[in-house]
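In what follows, a single structure is set out as C-alpha cells and then discussed.
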Amino acid sequence: MTLEQELAAVPSAKLAVQRVSKTFRTGRGTVHALEDVTLTVNEGEFVCLVGPSGCGKTTLLNIIAGLEAPDAGAVLTDGEPIRGPGRDRMMMLQQTALFPWLDVFDNVMFGLKLKPGLSASERREVADYYLRLVGLERFVHAYIHELSGGMKQRVELARALAPNPRVLLMDEPFAALDALTREQLYGDLQRIWGERRKTIVFVTHNVREAACLGDRVILFSPHPGRIREEFKIPLPRPRDINSVGLAEHATEIMRALKGHLRATEVQE
Amino acid sequence: MKRMLTAVIFFAALIAAWQVVYQARVWSPVLVPGPASVARYLWNHSFNPGTAAEPNPDQWQLFLAIAVTLKRLLAGYLIGLAVGLPLGLLTARFRVMHDTLGVLALGLQGLPSVCWVPLALLWYGQTEGAMLFVVVMGTLWSVVLATETGVRNVNPIYVRAARTMGSRWLHIWLKVILPASLPFVVSGMKQGWAFAWRSLMAAEIYVTILTGFGLGHLLHYGRELNAMDQVIGIMIVIVLIGLLADRVLFSPWERFLHRRWGTG
C-alpha cells in the first residue's frame, strides 16, 4: 500500500453527530433535551458521555440508535444518515430488556434469527460463542428470572454482540448492579472491546466509571443539553477502577462537572 | 401428598356434616336429601348397568348430557376466542378501535349473559343457534378486554430492544407483544371459560330444545320433578367439570408461565 492510498483510506468517523437538537413537549412545557450537539466517534473508539440527569445523553443515544429522530441536525454512520434502527448499532439498557418467555440461549438467538445469510447451525454457533465470551456457558438454558442482576447484564451484552454490530450503544448498563459485580463487568467489557474491536458509546453519570472505560469522556450539561468539555484518558488498558492514576482523571472531570453545574445554577 | 390428604379430609368432613344435617331432620328430606341418595342418583345415571333381566334404562344418561354440554361449550368458547383475540389486539393497537369497540366490549362484558337469552330465543328460536349465540356473547367480551389489557401492559422496552435487533411490525407482534402479554391473555382465557360455562348453564335452563339434553336441562327437570337428589347430583357434576377443566386446560399454561416468568 502506498502512502497516498493509506492516507486516503483513513477511516472516516464511524459516527458523526452534526448539530443535533431535540426538544420534547410535555404537559408542563418544553424541555430542550439537546441543543446544537456535535460529536464524532472514530472506528473502534470507546467514548463515554457523562453528565447529570436531564442533560440529554440518553436522548442522544436513542437518536444514534434510530429509535428517535432529531428535530434539527443529522447523525451519520459511515457517512450515511441514520433512518431507523439497524443491526449495525445495538443498544443495551440499564433496565433489562431480556424476554422472560425465552431462555438465555433463545434470547441471544432472537437477533441472530433476524440476521439474513446464516444457517441454523451457524446461528447456534455464534450464540454459543458469545455466551462463552461473557462467561455464561453454564447457564445457556436458564430462564431469565433465575439469573442475578450481573448475569442478566451479561446476557444483554451477549445478545447485543451476537449480530456483530459495529457500534454498541450502552445506556448506564451497570448502574443497577452491586460494586463487586460492576468491577468484574468493567474488566469483561474492556476485554471484549479489545477482542472484538467495537465502537462503543457509553452513557453514565458515574465519572469514575467513565474514566475507567473511555478513550474519551464527553461532559454534558443540562437545560439545554449541551457538550461542555472533552477529556482524553490516555491510560493503558486494562484499567483498574481503583488505580490512583485513574482517580486523578476522575477528579479532574468531577471538578469540571461541578463547575458547569454551578455556572448553570447561577444563570438560572 | 400431605396437601392431597388435607383436601381429602376437608371434603370428607364436608360430606359428614351434610349427613349429620340430613339425619337430624332439620329440613324435610325432600328439600335436603342425604349424600347416599345423591350418590345413588349419580350411580344409577352413569355406570349402573342394572340386571340382566332388567337393564338400567338410565345408564350413561349423565355422560350423554355431559357430552352434549361440553360440545356446545367448546364450540362457543372457541368461536369466542377466535374472534375475541384479534379484536383485543385491534383495540390495543388503534385508538379508534379502543374508543369504539373497546367501550362496547366494556359495556357488554358487564351485561350478565342470561340477558342475551330472550334476544337469542326471538332471533334463533329453540335451536342450537340460540345456545351458541349466548355462549359466544358470554365469552367474547371478556376475552377482548383481557387481550387488550395484556397488550397495553407489555413493557415498551421489549419492543425497543426487538426493534434495535431488526424486528419489524408483524414480527414484533408475533414474537414479542403476543408472548409478552401471555400472562394476561391466559387469565383472560380462563375468565372467558368461566363466563362461557355460566352462560351455557343459563341457556340450557331457559332454552328447551330437542336436539340434545345437556346438564342444564337435567337440572331444570330435576326442579320440575321435585327430584332434589337429581338437582344436587347435577350441581356436583357441574362443579367437578369446572375443576377438571381448570386442571386440564389452564394449569399447564399457568405452570408454564410461572416457570418462565418466575412468578408464583
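Ordering of the C-alpha cells sets the chain letters (A, B, ...), residue numbers begin anew at 1 in every chain, and ligands are numbered from 1 in the order given.
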
Open item on the list: List the spatial neighbours of B:Leu81 as a PyMOL selection string - criterion: any atom at most 8 Å away, only C-alpha atoms, same-chain residues fewer than 3 positions off excluded.
Closed with: chain B and resi 77-78+84-85+139-140+143+189

Using the selection just defined, write its residues with N, CA and C atoms as a PDB file, in the first residue's frame.
```pdb
ATOM      1  N   TYR B  77     -66.971 -21.420  23.029  1.00  0.00           N
ATOM      2  CA  TYR B  77     -65.751 -20.870  23.607  1.00  0.00           C
ATOM      3  C   TYR B  77     -64.703 -20.625  22.521  1.00  0.00           C
ATOM      4  N   LEU B  78     -64.552 -21.605  21.633  1.00  0.00           N
ATOM      5  CA  LEU B  78     -63.540 -21.459  20.585  1.00  0.00           C
ATOM      6  C   LEU B  78     -63.884 -20.310  19.639  1.00  0.00           C
ATOM      7  N   GLY B  84     -62.397 -12.991  19.660  1.00  0.00           N
ATOM      8  CA  GLY B  84     -62.005 -12.063  20.721  1.00  0.00           C
ATOM      9  C   GLY B  84     -60.537 -11.688  20.703  1.00  0.00           C
ATOM     10  N   LEU B  85     -59.652 -12.660  20.457  1.00  0.00           N
ATOM     11  CA  LEU B  85     -58.216 -12.352  20.468  1.00  0.00           C
ATOM     12  C   LEU B  85     -57.839 -11.296  19.433  1.00  0.00           C
ATOM     13  N   THR B 139     -68.586 -15.144  26.276  1.00  0.00           N
ATOM     14  CA  THR B 139     -67.130 -15.327  26.260  1.00  0.00           C
ATOM     15  C   THR B 139     -66.400 -14.140  25.659  1.00  0.00           C
ATOM     16  N   LEU B 140     -66.924 -13.728  24.514  1.00  0.00           N
ATOM     17  CA  LEU B 140     -66.223 -12.811  23.621  1.00  0.00           C
ATOM     18  C   LEU B 140     -65.660 -11.570  24.316  1.00  0.00           C
ATOM     19  N   VAL B 143     -62.748 -11.825  26.706  1.00  0.00           N
ATOM     20  CA  VAL B 143     -61.500 -12.154  26.002  1.00  0.00           C
ATOM     21  C   VAL B 143     -60.933 -10.898  25.332  1.00  0.00           C
ATOM     22  N   MET B 189     -58.374 -15.878  29.048  1.00  0.00           N
ATOM     23  CA  MET B 189     -58.965 -17.098  28.502  1.00  0.00           C
ATOM     24  C   MET B 189     -59.666 -17.881  29.596  1.00  0.00           C
TER      25      MET B 189
END
```

Task: Contact residues (chain A, partner chain B, 12 Å, only C-alpha atoms) as an NGL selection string - done: :A and (62-68 or 84-104 or 106-116 or 141-147 or 156 or 159-165 or 167-169)

Task: Contacts of A:Pro70 within 10 Å, only C-alpha atoms, excl. fewer than 2 positions in-chain, as a list of chain:residue names - done: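 In the requested form, the answer reads A:Arg19, A:Val20, A:Ser21, A:Lys22, A:Thr23, A:Leu34, A:Thr59, A:Leu60, A:Asn62, A:Ile63, A:Ile64, A:Gly66, A:Glu68, A:Ala72, A:Gly73, A:Ala74, A:Val75.
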
Written file, previous selection with C-alpha atoms, as a JSON list (two decimals), in the first residue's frame:
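File written: selection00.json
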```json
[["chain", "number", "residue", "atom", "x", "y", "z"],
["A", 19, "ARG", "CA", -25.59, 19.97, 15.10],
["A", 20, "VAL", "CA", -28.37, 17.86, 16.57],
["A", 21, "SER", "CA", -31.20, 19.49, 18.54],
["A", 22, "LYS", "CA", -34.18, 17.87, 20.13],
["A", 23, "THR", "CA", -36.99, 19.27, 22.25],
["A", 34, "LEU", "CA", -30.32, 18.55, 23.20],
["A", 59, "THR", "CA", -31.84, 11.10, 24.09],
["A", 60, "LEU", "CA", -28.64, 11.34, 22.04],
["A", 62, "ASN", "CA", -31.75, 6.94, 21.24],
["A", 63, "ILE", "CA", -31.19, 9.18, 18.23],
["A", 64, "ILE", "CA", -28.00, 7.33, 17.29],
["A", 66, "GLY", "CA", -32.50, 5.36, 15.32],
["A", 68, "GLU", "CA", -35.95, 8.75, 17.83],
["A", 72, "ALA", "CA", -32.60, 19.51, 13.64],
["A", 73, "GLY", "CA", -29.23, 18.25, 12.51],
["A", 74, "ALA", "CA", -28.23, 14.78, 11.40],
["A", 75, "VAL", "CA", -26.41, 11.68, 12.55]]
```

TODO: For stretch 87-100 of chain B, please output as a list of chain:residue names all residues within 9 Å (counting only C-alpha atoms; exclusion window: fewer than 5 positions along the same chain).
DONE: B:Ala105, B:Trp141, B:Val143, B:Val144, B:Leu145, B:Ala146, B:Thr147, B:Glu148, B:Thr149, B:Gly150, B:Val151, B:Arg152, B:Leu178

- [ ] May I have all residues of stretch 46-258 of chain A that DSSP, computed from the backbone, assigns to strand (DSSP E), given as a ChimeraX atom specification?
- [x] /A:46-50,72-77,80-81,89-93,167-171,199-204,216-221,226-232

Mind dumping the selected residues with C-alpha atoms as a PDB file, in the first residue's frame?
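And here is the file that came out, again28.pdb:
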```
ATOM      1  CA  PHE A  46     -14.703   3.879  23.351  1.00  0.00           C
ATOM      2  CA  VAL A  47     -16.475   7.132  24.159  1.00  0.00           C
ATOM      3  CA  CYS A  48     -18.242   7.877  27.439  1.00  0.00           C
ATOM      4  CA  LEU A  49     -20.954  10.502  27.765  1.00  0.00           C
ATOM      5  CA  VAL A  50     -21.149  11.912  31.273  1.00  0.00           C
ATOM      6  CA  ALA A  72     -32.599  19.507  13.645  1.00  0.00           C
ATOM      7  CA  GLY A  73     -29.229  18.250  12.512  1.00  0.00           C
ATOM      8  CA  ALA A  74     -28.233  14.783  11.396  1.00  0.00           C
ATOM      9  CA  VAL A  75     -26.414  11.679  12.555  1.00  0.00           C
ATOM     10  CA  LEU A  76     -24.289   9.740  10.082  1.00  0.00           C
ATOM     11  CA  THR A  77     -22.791   6.283  10.363  1.00  0.00           C
ATOM     12  CA  GLU A  80     -24.743   7.544   5.685  1.00  0.00           C
ATOM     13  CA  PRO A  81     -27.610   9.283   7.509  1.00  0.00           C
ATOM     14  CA  ARG A  89     -25.941  -0.343  16.068  1.00  0.00           C
ATOM     15  CA  MET A  90     -27.063  -2.412  19.040  1.00  0.00           C
ATOM     16  CA  MET A  91     -28.348  -0.944  22.269  1.00  0.00           C
ATOM     17  CA  MET A  92     -28.039  -2.075  25.859  1.00  0.00           C
ATOM     18  CA  LEU A  93     -30.005  -0.521  28.702  1.00  0.00           C
ATOM     19  CA  VAL A 167     -21.393   0.116  17.190  1.00  0.00           C
ATOM     20  CA  LEU A 168     -22.527  -0.708  20.703  1.00  0.00           C
ATOM     21  CA  LEU A 169     -24.721   1.855  22.466  1.00  0.00           C
ATOM     22  CA  MET A 170     -24.845   1.401  26.223  1.00  0.00           C
ATOM     23  CA  ASP A 171     -27.165   3.387  28.491  1.00  0.00           C
ATOM     24  CA  THR A 199     -17.064   1.222  18.596  1.00  0.00           C
ATOM     25  CA  ILE A 200     -18.771   1.925  21.913  1.00  0.00           C
ATOM     26  CA  VAL A 201     -20.791   4.916  23.074  1.00  0.00           C
ATOM     27  CA  PHE A 202     -21.369   4.545  26.778  1.00  0.00           C
ATOM     28  CA  VAL A 203     -23.718   6.769  28.799  1.00  0.00           C
ATOM     29  CA  THR A 204     -23.202   7.079  32.546  1.00  0.00           C
ATOM     30  CA  ARG A 216     -12.553   9.953  25.638  1.00  0.00           C
ATOM     31  CA  VAL A 217     -15.032  11.333  28.149  1.00  0.00           C
ATOM     32  CA  ILE A 218     -17.552  13.871  26.896  1.00  0.00           C
ATOM     33  CA  LEU A 219     -19.057  16.104  29.531  1.00  0.00           C
ATOM     34  CA  PHE A 220     -22.665  17.225  29.089  1.00  0.00           C
ATOM     35  CA  SER A 221     -24.534  19.941  30.955  1.00  0.00           C
ATOM     36  CA  ARG A 226     -25.021  20.593  25.535  1.00  0.00           C
ATOM     37  CA  ILE A 227     -21.486  19.316  25.254  1.00  0.00           C
ATOM     38  CA  ARG A 228     -19.295  21.255  27.684  1.00  0.00           C
ATOM     39  CA  GLU A 229     -15.891  19.697  27.673  1.00  0.00           C
ATOM     40  CA  GLU A 230     -13.961  16.747  26.434  1.00  0.00           C
ATOM     41  CA  PHE A 231     -11.280  14.742  28.277  1.00  0.00           C
ATOM     42  CA  LYS A 232      -8.809  12.298  26.787  1.00  0.00           C
TER      43      LYS A 232
END
```

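Between atom CA of A:Pro52 and atom CA of A:His249 the interatomic distance comes to 17.9 Å.
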
Task: Nearest residue to A:Gly194 from the set A:Ala120, A:Leu257, A:Leu213, A:Ala179 (distances using only C-alpha atoms) - done: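 Smallest distance to A:Gly194 is found for A:Leu213.
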
Once you count only C-alpha atoms, what closest atom pair and distance in Å to one decimal does each residue of stretch 179-263 of chain B within 7 Å of stretch 37-57 of chain B have, with rows by chain and rising residue number, as a tab-separated table?
```
residue	atom	partner	partner_atom	distance
B:Asp229	CA	B:Val38	CA	4.7
B:Gln230	CA	B:Tyr41	CA	6.4
B:Ile232	CA	B:Val38	CA	6.9
B:Gly233	CA	B:Val38	CA	5.5
```

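Near B:Val134, within 8 Å and counting only C-alpha atoms, sit Ser113, Val114, Trp116, Val117, Ala120, Ala130, Met131, Leu132, Val136, Met137, Gly138, Ser199, Leu200 and Ala203 of chain B; same-chain residues fewer than 2 positions away were not included.
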